[in-house]
There are 2 protein chains.
Amino acid sequence: MNTRLTFARCGFVLLIAAGTVTAGPTMDEVLAAARPSDWRPLDPENTLYLELPAGRVVMELAPDFAPRHVANIRALARERYFDGLAIVRVQDNYVVQWGDPEGERPVGEARKTLAAEFTRPAAGLEFTLLPDPDAYASQTGFVAGFPAARNQPEGTAWLAHCYGMLGAGRDTDADSGGGTELYVVIGHAPRHLDRNVTLVGRVLQGMALLSAMPRGTGTMGFYEEPEQGTSIRQVRVAADVPLRERTELEVLRTDTQTFEALIESRRNRSDEWFKVPANRIDVCNVPLPVRAASPG
Amino acid sequence: MNTRLTFARCGFVLLIAAGTVTAGPTMDEVLAAARPSDWRPLDPENTLYLELPAGRVVMELAPDFAPRHVANIRALARERYFDGLAIVRVQDNYVVQWGDPEGERPVGEARKTLAAEFTRPAAGLEFTLLPDPDAYASQTGFVAGFPAARNQPEGTAWLAHCYGMLGAGRDTDADSGGGTELYVVIGHAPRHLDRNVTLVGRVLQGMALLSAMPRGTGTMGFYEEPEQGTSIRQVRVAADVPLRERTELEVLRTDTQTFEALIESRRNRSDEWFKVPANRIDVCNVPLPVRAASPG
C-alpha cells in the first residue's frame with residue numbers, strides 16, 4: 001500500500017460519517033495477508049465435475065446439510081446417470097436446470113426420490129454470523145464455506161439460495177426430489193426457495209458456462225426443442241477422476257479471522273471509488289474466494 | 001379457481017404454522033383481478049430503446065430520481081451518441097456495460113459529466129413500503145414503478161440496485177458520470193452500489209438479450225478484444241420512433257391496492273408447491289409486471 005493510497009483513504013474517511021467508520025483493508029489486502037492455513041483443499045468425494053462441451057463446472061457438495069442427497073448424487077454420478085442428458089431449462093434471473101425431463105432413465109443402486117433435507121438442527125454447526133439484518137431469516141452467515149441461515153427459536157439451520165448454489169429439483173411433493181434433477185441459481189437470490197428445496201452444494205468454478213446459456217423460451221424457461229439444450233458429456237465425482245485430470249482448487253475457510261476481515265472489508269469498502277460504504281452486507285453478496293491450489 | 005385447488009390450498013395452510021398465515025391469492029390471481037386503471041402506459045419521452053443485432057431492449061427512465069442524467073441521456077440518444085458503439089463489459093453476476101471506452105466520441109449539446117444524483121429528498125415521493133427488514137437500508141419499497149430505499153432519519157431516498165436496473169457508470173470522482181457509459185445489473189443485486197452510482201432507470205423488456213451475453217475475460221469483465229463486444233445499432237428515445245415501430249407496453253402501477261396484494265402474494269406463496277412460505281420478501285424479489293399494451 002503506497003502513501004498516496006493511504007492518504008486518499010484517510011481523506012475519504014473524513015468525508016463520511018466521522019467516528020462511525022474506520023477505513024480498513026480492502027478484500028485484496030485481506031487475501032494477500034491470509035495464511036496458508038486459512039485455505040482448505042477440496043475433498044474429492046464432495047467435489048463434482050459437470051463436463052459440458054465448453055468446459056468443466058466444478059461444484060462442492062454440502063454433506064453437512066444434505067447427507068442423503070449428497071450420497072445419492074454421488075451414486076447417480078457413479079452410475080453415469082447424468083451422462084448424455086442435457087441442460088433442459090434456463091430461466092432468466094432464476095435457474096439453470098438439468099436432468100431427465102421424461103423421468104424415464106433408470107437408476108440402479110441410487111434412489112429417484114428421497115425424504116427432503118430442507119433444514120437441519122443448528123446445533124453442531126460452526127456458524128460465522130453476519131451482523132446485518134436479512135429479509136428472510138433471523139440470522140445469516142456461513143457454515144463450512146456455504147452461505148446459510150438459521151432461526152434461533154426453532155434451532156434449525158439451512159443453506160441459503162444465493163447465486164451459484166446447487167439444488168435438487170422436486171415436484172409438488174416435498175419428498176419428490178433426490179438429485180436426479182439439479183439446478184443452479186443464476187440470478188438474484190431466490191431466497192423464498194429456502195426451506196422449500198434441498199440445496200446440496202455450490203458452484204466453485206465455471207459459473208459463466210451456465211449463466212450465459214441462451215434462455216429457454218418455454219414456460220419457466222424450459223427449452224421448447226430438445227436440440228436447444230446443451231448436452232452433458234458427463235458428471236463425475238472428482239475422486240473417480242485421475243489425479244492429473246482433476247481441477248485442484250482451494251477454498252477460503254469461513255471459520256477464520258481472515259474471513260471475518262473479508263466480510264468487514266466488504267461491509268465497508270475502503271476503495272477510493274466508494275463514497276458511502278454500506279456498513280452492512282447481504283449474505284449473498286459476500287464473496288467466497290476460490291483459488292487454484294499451489295502445486296505440491 | 002376450482003374446488004380442488006381451493007381444497008388443496010386449505011389443506012396446505014393447515015400443514016404450516018396454524019394461525020400465522022392465511023393463504024391468499026397467487027400472483028396470477030391478483031393480476032387477473034387487476035382493473036385497467038392499475039396499469040399505466042409508458043411515457044415515450046422516458047422510454048429508451050437499445051437496438052442490438054438480436055433485438056430491442058426497452059428501458060424506462062426515472063426522472064423522479066435522476067432528472068439531470070435522464071435529460072442528458074435523452075440528449076445523447078438524440079445526438080446518436082451511442083449508435084455504433086458496443087457492449088464492452090459483461091461481468092458475471094454483476095453488470096453489462098456499454099459506452100465509449102476511449103472517451104473520445106464527442107458530445108454536442110449533451111454533457112460528458114454531471115453532478116451525481118445518488119440520492120434525493122424522500123419528501124414528495126409516494127412510497128409503497130415493504131414491511132420486511134433489508135440488509136442495506138432502514139426502509140425499502142417502490143416509487144413510481146422502481147425499487148427504492150430510504151433512510152428516515154436523513155429523509156433521503158434512492159433507487160435500489162436490483163436485477164435489471166440501469167445506471168450511469170463513473171470514474172473515481174463522484175461527479176464523473178453523466179450517462180455516456182451505461183450499465184445494467186445482471187446478477188445478484190449489488191446493493192453496496194446504492195448511493196454510490198446514479199441509477200437512471202430499469203429494463204422492462206429484452207433483459208435476456210443482455211444477461212445471456214458471453215462474459216468478458218478481462219479485468220472486471222471487460223472484453224479483451226473489441227470484436228468480442230456486441231455492437232449497438234442505435235439507442236433511441238421512444239418519442240422519436242414512428243408510432244408503428246414502438247414497443248407499446250404497460251406497467252403495473254406500484255401505488256395501487258393491486259400491487260400491495262401482489263407483494264403479499266409473493267411474501268406468502270400460496271401455490272401448493274411451497275411448503276414454508278417465507279412471510280417476508282426482499283425488495284429485489286418483488287416482480288414489477290409489464291405487459292403488451294392492449295390495442296387502441
# chains A, B, ... in the order shown; residues from 1 in each chain; ligands from 1
call {"tool": "residues_around", "arguments": {"residues": "range 99-110 of chain A", "least_positions_apart": "5", "cutoff": "8 Å", "atoms": "only C-alpha atoms", "output": "PyMOL selection string"}}
result
chain A and resi 72-73+75-76+79+81-82+85-88+180-182
call {"tool": "write_last_selection", "arguments": {"atoms": "C-alpha atoms", "output": "PDB file, in the first residue's frame"}}
result
ATOM      1  CA  ASN A  72     -27.386 -40.178  -3.765  1.00  0.00           C
ATOM      2  CA  ILE A  73     -25.891 -37.677  -6.212  1.00  0.00           C
ATOM      3  CA  ALA A  75     -24.245 -42.741  -6.539  1.00  0.00           C
ATOM      4  CA  LEU A  76     -26.037 -41.275  -9.577  1.00  0.00           C
ATOM      5  CA  GLU A  79     -23.865 -44.968 -12.325  1.00  0.00           C
ATOM      6  CA  TYR A  81     -26.895 -41.369 -14.699  1.00  0.00           C
ATOM      7  CA  PHE A  82     -26.338 -37.810 -15.974  1.00  0.00           C
ATOM      8  CA  LEU A  85     -28.579 -35.842 -20.579  1.00  0.00           C
ATOM      9  CA  ALA A  86     -28.859 -32.092 -21.212  1.00  0.00           C
ATOM     10  CA  ILE A  87     -29.454 -28.677 -19.744  1.00  0.00           C
ATOM     11  CA  VAL A  88     -33.221 -28.546 -20.209  1.00  0.00           C
ATOM     12  CA  THR A 180     -31.848 -36.686 -10.481  1.00  0.00           C
ATOM     13  CA  GLU A 181     -32.814 -33.114 -11.424  1.00  0.00           C
ATOM     14  CA  LEU A 182     -30.286 -30.490 -10.374  1.00  0.00           C
TER      15      LEU A 182
END
call {"tool": "interface_residues", "arguments": {"of": "chain B", "to": "chain A", "cutoff": "7 Å", "atoms": "only C-alpha atoms", "output": "list in words"}}
result
Asp92, Asp132, Pro133, Asp134, Ala135, Tyr136, Tyr163, Thr172, Gly187, His188, Ala189, His192, Arg195, Asn196, Ala208, Ser211, Ala212, Met213, Pro214, Arg215, Glu272, Trp273, Phe274, Lys275, Val276, Ala278, Arg280, Ile281 and Asp282 of chain B
call {"tool": "write_last_selection", "arguments": {"atoms": "N, CA and C atoms", "output": "PDB file, in the first residue's frame"}}
result
ATOM      1  N   ASP B  92     -19.744 -11.457 -14.982  1.00  0.00           N
ATOM      2  CA  ASP B  92     -20.704 -12.422 -14.453  1.00  0.00           C
ATOM      3  C   ASP B  92     -21.191 -12.010 -13.069  1.00  0.00           C
ATOM      4  N   ASP B 132     -40.738  -5.666   5.457  1.00  0.00           N
ATOM      5  CA  ASP B 132     -39.681  -6.582   5.896  1.00  0.00           C
ATOM      6  C   ASP B 132     -38.325  -5.903   6.033  1.00  0.00           C
ATOM      7  N   PRO B 133     -37.453  -6.505   6.857  1.00  0.00           N
ATOM      8  CA  PRO B 133     -36.124  -5.905   7.034  1.00  0.00           C
ATOM      9  C   PRO B 133     -35.295  -6.012   5.752  1.00  0.00           C
ATOM     10  N   ASP B 134     -34.349  -5.116   5.627  1.00  0.00           N
ATOM     11  CA  ASP B 134     -33.480  -5.065   4.457  1.00  0.00           C
ATOM     12  C   ASP B 134     -32.047  -4.997   4.951  1.00  0.00           C
ATOM     13  N   ALA B 135     -31.137  -5.650   4.222  1.00  0.00           N
ATOM     14  CA  ALA B 135     -29.740  -5.651   4.657  1.00  0.00           C
ATOM     15  C   ALA B 135     -29.116  -4.263   4.547  1.00  0.00           C
ATOM     16  N   TYR B 136     -29.619  -3.419   3.645  1.00  0.00           N
ATOM     17  CA  TYR B 136     -28.873  -2.208   3.301  1.00  0.00           C
ATOM     18  C   TYR B 136     -29.513  -0.890   3.695  1.00  0.00           C
ATOM     19  N   TYR B 163     -31.759  -6.467  -9.913  1.00  0.00           N
ATOM     20  CA  TYR B 163     -31.604  -7.060 -11.242  1.00  0.00           C
ATOM     21  C   TYR B 163     -32.359  -6.217 -12.276  1.00  0.00           C
ATOM     22  N   THR B 172     -13.560   7.482 -10.551  1.00  0.00           N
ATOM     23  CA  THR B 172     -13.442   7.616  -9.094  1.00  0.00           C
ATOM     24  C   THR B 172     -14.171   8.848  -8.564  1.00  0.00           C
ATOM     25  N   GLY B 187     -26.975  -9.655 -12.194  1.00  0.00           N
ATOM     26  CA  GLY B 187     -26.731 -10.701 -11.205  1.00  0.00           C
ATOM     27  C   GLY B 187     -27.419 -10.370  -9.896  1.00  0.00           C
ATOM     28  N   HIS B 188     -26.941 -11.008  -8.838  1.00  0.00           N
ATOM     29  CA  HIS B 188     -27.496 -10.701  -7.522  1.00  0.00           C
ATOM     30  C   HIS B 188     -27.329  -9.211  -7.232  1.00  0.00           C
ATOM     31  N   ALA B 189     -28.366  -8.610  -6.691  1.00  0.00           N
ATOM     32  CA  ALA B 189     -28.395  -7.154  -6.504  1.00  0.00           C
ATOM     33  C   ALA B 189     -27.131  -6.633  -5.805  1.00  0.00           C
ATOM     34  N   HIS B 192     -24.502  -2.635  -2.485  1.00  0.00           N
ATOM     35  CA  HIS B 192     -23.431  -1.765  -1.985  1.00  0.00           C
ATOM     36  C   HIS B 192     -23.166  -0.604  -2.946  1.00  0.00           C
ATOM     37  N   ARG B 195     -26.431   4.548  -3.641  1.00  0.00           N
ATOM     38  CA  ARG B 195     -25.911   5.836  -3.141  1.00  0.00           C
ATOM     39  C   ARG B 195     -24.460   6.082  -3.555  1.00  0.00           C
ATOM     40  N   ASN B 196     -23.943   5.202  -4.423  1.00  0.00           N
ATOM     41  CA  ASN B 196     -22.582   5.399  -4.937  1.00  0.00           C
ATOM     42  C   ASN B 196     -22.557   5.581  -6.445  1.00  0.00           C
ATOM     43  N   ALA B 208     -33.001 -10.647 -21.361  1.00  0.00           N
ATOM     44  CA  ALA B 208     -32.187 -11.824 -21.688  1.00  0.00           C
ATOM     45  C   ALA B 208     -31.212 -11.539 -22.830  1.00  0.00           C
ATOM     46  N   SER B 211     -28.406 -10.381 -20.441  1.00  0.00           N
ATOM     47  CA  SER B 211     -27.917 -11.260 -19.373  1.00  0.00           C
ATOM     48  C   SER B 211     -27.262 -12.532 -19.895  1.00  0.00           C
ATOM     49  N   ALA B 212     -27.590 -12.935 -21.124  1.00  0.00           N
ATOM     50  CA  ALA B 212     -27.012 -14.174 -21.658  1.00  0.00           C
ATOM     51  C   ALA B 212     -25.792 -13.908 -22.535  1.00  0.00           C
ATOM     52  N   MET B 213     -25.322 -12.662 -22.559  1.00  0.00           N
ATOM     53  CA  MET B 213     -24.142 -12.369 -23.391  1.00  0.00           C
ATOM     54  C   MET B 213     -22.899 -13.078 -22.854  1.00  0.00           C
ATOM     55  N   PRO B 214     -21.986 -13.445 -23.751  1.00  0.00           N
ATOM     56  CA  PRO B 214     -20.749 -14.066 -23.280  1.00  0.00           C
ATOM     57  C   PRO B 214     -20.015 -13.151 -22.294  1.00  0.00           C
ATOM     58  N   ARG B 215     -19.531 -13.730 -21.217  1.00  0.00           N
ATOM     59  CA  ARG B 215     -18.822 -12.949 -20.206  1.00  0.00           C
ATOM     60  C   ARG B 215     -17.461 -12.507 -20.733  1.00  0.00           C
ATOM     61  N   GLU B 272     -49.399 -24.620  -4.202  1.00  0.00           N
ATOM     62  CA  GLU B 272     -49.276 -25.865  -3.457  1.00  0.00           C
ATOM     63  C   GLU B 272     -47.809 -26.317  -3.336  1.00  0.00           C
ATOM     64  N   TRP B 273     -46.990 -25.899  -4.281  1.00  0.00           N
ATOM     65  CA  TRP B 273     -45.598 -26.332  -4.288  1.00  0.00           C
ATOM     66  C   TRP B 273     -44.856 -25.882  -3.026  1.00  0.00           C
ATOM     67  N   PHE B 274     -45.207 -24.676  -2.527  1.00  0.00           N
ATOM     68  CA  PHE B 274     -44.465 -24.123  -1.386  1.00  0.00           C
ATOM     69  C   PHE B 274     -44.915 -24.764  -0.083  1.00  0.00           C
ATOM     70  N   LYS B 275     -43.959 -25.199   0.706  1.00  0.00           N
ATOM     71  CA  LYS B 275     -44.262 -25.849   1.977  1.00  0.00           C
ATOM     72  C   LYS B 275     -44.071 -24.877   3.142  1.00  0.00           C
ATOM     73  N   VAL B 276     -43.145 -23.964   3.014  1.00  0.00           N
ATOM     74  CA  VAL B 276     -42.879 -22.968   4.060  1.00  0.00           C
ATOM     75  C   VAL B 276     -42.855 -21.594   3.409  1.00  0.00           C
ATOM     76  N   ALA B 278     -42.278 -17.801   2.948  1.00  0.00           N
ATOM     77  CA  ALA B 278     -41.256 -17.000   3.627  1.00  0.00           C
ATOM     78  C   ALA B 278     -41.870 -16.036   4.628  1.00  0.00           C
ATOM     79  N   ARG B 280     -41.988 -13.074   4.208  1.00  0.00           N
ATOM     80  CA  ARG B 280     -41.113 -11.911   4.074  1.00  0.00           C
ATOM     81  C   ARG B 280     -40.706 -11.834   2.613  1.00  0.00           C
ATOM     82  N   ILE B 281     -40.186 -10.679   2.221  1.00  0.00           N
ATOM     83  CA  ILE B 281     -39.629 -10.578   0.872  1.00  0.00           C
ATOM     84  C   ILE B 281     -38.577  -9.481   0.829  1.00  0.00           C
ATOM     85  N   ASP B 282     -37.648  -9.671  -0.068  1.00  0.00           N
ATOM     86  CA  ASP B 282     -36.564  -8.728  -0.351  1.00  0.00           C
ATOM     87  C   ASP B 282     -37.047  -7.823  -1.490  1.00  0.00           C
TER      88      ASP B 282
END
call {"tool": "residues_around", "arguments": {"residues": "Leu129 in chain B", "least_positions_apart": "6", "cutoff": "10 Å", "atoms": "only C-alpha atoms", "output": "list in words"}}
result
Gln139, Thr140, Gly141, Phe142, Val143, Ala148, Ala149, Arg150, Asp255, Glu260 and Val283 of chain B
call {"tool": "write_last_selection", "arguments": {"atoms": "N, CA and C atoms", "output": "PDB file, in the first residue's frame"}}
result
ATOM      1  N   GLN B 139     -35.531   1.354   5.259  1.00  0.00           N
ATOM      2  CA  GLN B 139     -36.818   1.067   4.621  1.00  0.00           C
ATOM      3  C   GLN B 139     -36.613   0.850   3.127  1.00  0.00           C
ATOM      4  N   THR B 140     -37.393  -0.073   2.581  1.00  0.00           N
ATOM      5  CA  THR B 140     -37.393  -0.256   1.136  1.00  0.00           C
ATOM      6  C   THR B 140     -38.830  -0.320   0.643  1.00  0.00           C
ATOM      7  N   GLY B 141     -38.977  -0.144  -0.651  1.00  0.00           N
ATOM      8  CA  GLY B 141     -40.309  -0.200  -1.236  1.00  0.00           C
ATOM      9  C   GLY B 141     -40.256   0.204  -2.695  1.00  0.00           C
ATOM     10  N   PHE B 142     -41.317   0.862  -3.136  1.00  0.00           N
ATOM     11  CA  PHE B 142     -41.438   1.171  -4.561  1.00  0.00           C
ATOM     12  C   PHE B 142     -41.942   2.595  -4.762  1.00  0.00           C
ATOM     13  N   VAL B 143     -41.330   3.242  -5.752  1.00  0.00           N
ATOM     14  CA  VAL B 143     -41.740   4.594  -6.119  1.00  0.00           C
ATOM     15  C   VAL B 143     -41.924   4.620  -7.631  1.00  0.00           C
ATOM     16  N   ALA B 148     -36.906   1.017  -4.547  1.00  0.00           N
ATOM     17  CA  ALA B 148     -36.245   2.165  -3.930  1.00  0.00           C
ATOM     18  C   ALA B 148     -36.010   1.906  -2.455  1.00  0.00           C
ATOM     19  N   ALA B 149     -35.217   2.776  -1.851  1.00  0.00           N
ATOM     20  CA  ALA B 149     -34.929   2.690  -0.423  1.00  0.00           C
ATOM     21  C   ALA B 149     -34.939   4.092   0.152  1.00  0.00           C
ATOM     22  N   ARG B 150     -35.115   4.172   1.468  1.00  0.00           N
ATOM     23  CA  ARG B 150     -34.979   5.483   2.111  1.00  0.00           C
ATOM     24  C   ARG B 150     -34.524   5.291   3.548  1.00  0.00           C
ATOM     25  N   ASP B 255     -48.476   2.059  -6.891  1.00  0.00           N
ATOM     26  CA  ASP B 255     -49.190   2.803  -5.834  1.00  0.00           C
ATOM     27  C   ASP B 255     -50.655   2.360  -5.758  1.00  0.00           C
ATOM     28  N   GLU B 260     -50.129  -3.915  -3.857  1.00  0.00           N
ATOM     29  CA  GLU B 260     -49.951  -4.358  -2.459  1.00  0.00           C
ATOM     30  C   GLU B 260     -50.375  -5.823  -2.302  1.00  0.00           C
ATOM     31  N   VAL B 283     -36.774  -6.548  -1.407  1.00  0.00           N
ATOM     32  CA  VAL B 283     -37.261  -5.591  -2.411  1.00  0.00           C
ATOM     33  C   VAL B 283     -36.906  -6.018  -3.838  1.00  0.00           C
TER      34      VAL B 283
END
call {"tool": "residues_around", "arguments": {"residues": "range 24-41 of chain B", "least_positions_apart": "2", "cutoff": "12 Å", "atoms": "only C-alpha atoms", "output": "PDB file with C-alpha atoms, in the first residue's frame"}}
result
ATOM      1  CA  MET B   1     -60.305 -21.105  -9.040  1.00  0.00           C
ATOM      2  CA  LEU B   5     -57.428 -26.135  -5.930  1.00  0.00           C
ATOM      3  CA  THR B   6     -59.187 -24.383  -3.076  1.00  0.00           C
ATOM      4  CA  ARG B   9     -54.717 -24.706  -0.653  1.00  0.00           C
ATOM      5  CA  CYS B  10     -56.697 -25.051   2.557  1.00  0.00           C
ATOM      6  CA  PHE B  12     -51.714 -26.779   2.751  1.00  0.00           C
ATOM      7  CA  VAL B  13     -52.384 -23.993   5.221  1.00  0.00           C
ATOM      8  CA  VAL B  21     -50.549 -17.417   7.671  1.00  0.00           C
ATOM      9  CA  THR B  22     -53.689 -17.046   5.622  1.00  0.00           C
ATOM     10  CA  ASP B  43     -44.213   7.917 -21.328  1.00  0.00           C
ATOM     11  CA  PRO B  44     -42.383   7.822 -24.673  1.00  0.00           C
ATOM     12  CA  GLU B  45     -40.100  10.650 -23.513  1.00  0.00           C
ATOM     13  CA  ASN B  46     -38.939   8.412 -20.658  1.00  0.00           C
ATOM     14  CA  THR B  47     -38.592   5.240 -22.693  1.00  0.00           C
ATOM     15  CA  GLU B  60     -37.847   3.083 -18.622  1.00  0.00           C
ATOM     16  CA  ALA B 144     -43.413   5.062  -9.484  1.00  0.00           C
ATOM     17  CA  GLY B 145     -42.580   1.535 -10.571  1.00  0.00           C
ATOM     18  CA  THR B 247     -42.999  -1.368 -28.429  1.00  0.00           C
ATOM     19  CA  GLU B 248     -46.210  -0.493 -26.614  1.00  0.00           C
ATOM     20  CA  LEU B 249     -46.024  -1.715 -23.042  1.00  0.00           C
ATOM     21  CA  GLU B 250     -47.954  -1.172 -19.854  1.00  0.00           C
ATOM     22  CA  VAL B 251     -46.523  -1.350 -16.366  1.00  0.00           C
ATOM     23  CA  LEU B 252     -48.417  -2.252 -13.213  1.00  0.00           C
ATOM     24  CA  ARG B 253     -48.732   0.839 -11.019  1.00  0.00           C
ATOM     25  CA  THR B 254     -46.942   0.354  -7.717  1.00  0.00           C
ATOM     26  CA  ASP B 255     -49.190   2.803  -5.834  1.00  0.00           C
ATOM     27  CA  THR B 256     -52.261   0.550  -6.066  1.00  0.00           C
ATOM     28  CA  GLN B 257     -54.026  -1.975  -3.862  1.00  0.00           C
ATOM     29  CA  THR B 258     -53.414  -4.494  -6.631  1.00  0.00           C
ATOM     30  CA  PHE B 259     -49.675  -4.044  -6.242  1.00  0.00           C
ATOM     31  CA  GLU B 260     -49.951  -4.358  -2.459  1.00  0.00           C
ATOM     32  CA  ALA B 261     -51.848  -7.605  -2.968  1.00  0.00           C
ATOM     33  CA  LEU B 262     -49.132  -8.737  -5.374  1.00  0.00           C
ATOM     34  CA  ILE B 263     -46.460  -8.080  -2.762  1.00  0.00           C
ATOM     35  CA  GLU B 264     -48.435 -10.122  -0.226  1.00  0.00           C
ATOM     36  CA  SER B 265     -48.877 -12.953  -2.741  1.00  0.00           C
ATOM     37  CA  ARG B 266     -45.099 -13.107  -3.085  1.00  0.00           C
ATOM     38  CA  ARG B 267     -44.364 -12.779   0.638  1.00  0.00           C
ATOM     39  CA  ASN B 268     -46.570 -15.804   1.261  1.00  0.00           C
ATOM     40  CA  ARG B 269     -46.722 -18.069  -1.737  1.00  0.00           C
ATOM     41  CA  SER B 270     -49.949 -19.994  -1.628  1.00  0.00           C
ATOM     42  CA  ASP B 271     -49.101 -22.270  -4.550  1.00  0.00           C
ATOM     43  CA  GLU B 272     -49.276 -25.865  -3.457  1.00  0.00           C
ATOM     44  CA  TRP B 273     -45.598 -26.332  -4.288  1.00  0.00           C
ATOM     45  CA  PHE B 274     -44.465 -24.123  -1.386  1.00  0.00           C
ATOM     46  CA  PRO B 277     -43.955 -19.542   2.824  1.00  0.00           C
ATOM     47  CA  ASN B 279     -43.706 -14.490   5.128  1.00  0.00           C
ATOM     48  CA  VAL B 286     -40.811  -8.377  -5.951  1.00  0.00           C
ATOM     49  CA  PRO B 287     -41.810  -8.697  -9.619  1.00  0.00           C
ATOM     50  CA  LEU B 288     -42.724  -5.470 -11.407  1.00  0.00           C
ATOM     51  CA  PRO B 289     -45.206  -6.707 -14.027  1.00  0.00           C
ATOM     52  CA  VAL B 290     -45.024  -5.464 -17.597  1.00  0.00           C
ATOM     53  CA  ARG B 291     -47.402  -6.444 -20.400  1.00  0.00           C
ATOM     54  CA  ALA B 292     -48.107  -5.568 -24.000  1.00  0.00           C
ATOM     55  CA  ALA B 293     -50.499  -2.650 -24.213  1.00  0.00           C
ATOM     56  CA  SER B 294     -53.959  -3.578 -25.402  1.00  0.00           C
ATOM     57  CA  PRO B 295     -54.546  -2.283 -28.939  1.00  0.00           C
ATOM     58  CA  GLY B 296     -56.209   1.100 -29.156  1.00  0.00           C
TER      59      GLY B 296
END
call {"tool": "select_by_dssp", "arguments": {"residues": "range 137-272 of chain B", "states": "alpha helix (DSSP H)", "output": "VMD selection string"}}
result
chain B and resid 207 to 211 257 to 267
call {"tool": "select_by_dssp", "arguments": {"residues": "range 154-278 of chain A", "states": "strand (DSSP E)", "output": "mmCIF file with C-alpha atoms, in the first residue's frame"}}
result
data_model
loop_
_atom_site.group_PDB
_atom_site.id
_atom_site.type_symbol
_atom_site.label_atom_id
_atom_site.label_comp_id
_atom_site.auth_asym_id
_atom_site.auth_seq_id
_atom_site.Cartn_x
_atom_site.Cartn_y
_atom_site.Cartn_z
ATOM 1 C CA THR A 156 -32.901 -25.013 12.674
ATOM 2 C CA ALA A 157 -30.349 -24.103 10.004
ATOM 3 C CA TRP A 158 -30.421 -24.257 6.231
ATOM 4 C CA LEU A 159 -28.397 -23.316 3.196
ATOM 5 C CA MET A 165 -25.970 -22.534 -5.242
ATOM 6 C CA LEU A 166 -26.792 -26.063 -6.403
ATOM 7 C CA GLY A 167 -30.129 -27.648 -5.535
ATOM 8 C CA ALA A 168 -32.175 -30.773 -6.119
ATOM 9 C CA LEU A 182 -30.286 -30.490 -10.374
ATOM 10 C CA TYR A 183 -30.384 -26.709 -10.710
ATOM 11 C CA VAL A 184 -28.003 -23.813 -10.177
ATOM 12 C CA VAL A 185 -29.121 -20.290 -9.242
ATOM 13 C CA THR A 198 -32.930 -29.269 -0.725
ATOM 14 C CA LEU A 199 -29.758 -27.377 -1.523
ATOM 15 C CA VAL A 200 -26.827 -29.718 -1.989
ATOM 16 C CA GLY A 201 -23.791 -27.548 -2.733
ATOM 17 C CA ARG A 202 -22.425 -24.687 -4.787
ATOM 18 C CA VAL A 203 -20.507 -23.936 -7.973
ATOM 19 C CA LEU A 204 -16.862 -23.068 -7.354
ATOM 20 C CA GLN A 205 -15.619 -22.617 -10.906
ATOM 21 C CA GLN A 234 -20.580 -36.461 -18.084
ATOM 22 C CA VAL A 235 -20.869 -35.773 -14.390
ATOM 23 C CA ARG A 236 -18.104 -37.235 -12.230
ATOM 24 C CA VAL A 237 -17.129 -37.333 -8.586
ATOM 25 C CA LEU A 249 -8.805 -25.767 -6.042
ATOM 26 C CA GLU A 250 -8.589 -24.291 -2.585
ATOM 27 C CA VAL A 251 -11.392 -22.505 -0.797
ATOM 28 C CA LEU A 252 -11.003 -19.834 1.868
#
call {"tool": "atom_distance", "arguments": {"atom1": "CA of Gly169 in chain A", "atom2": "CA of Phe127 in chain A"}}
result
26.2 Å
call {"tool": "atom_distance", "arguments": {"atom1": "CA of His69 in chain A", "atom2": "CA of Glu117 in chain A"}}
result
7.7 Å
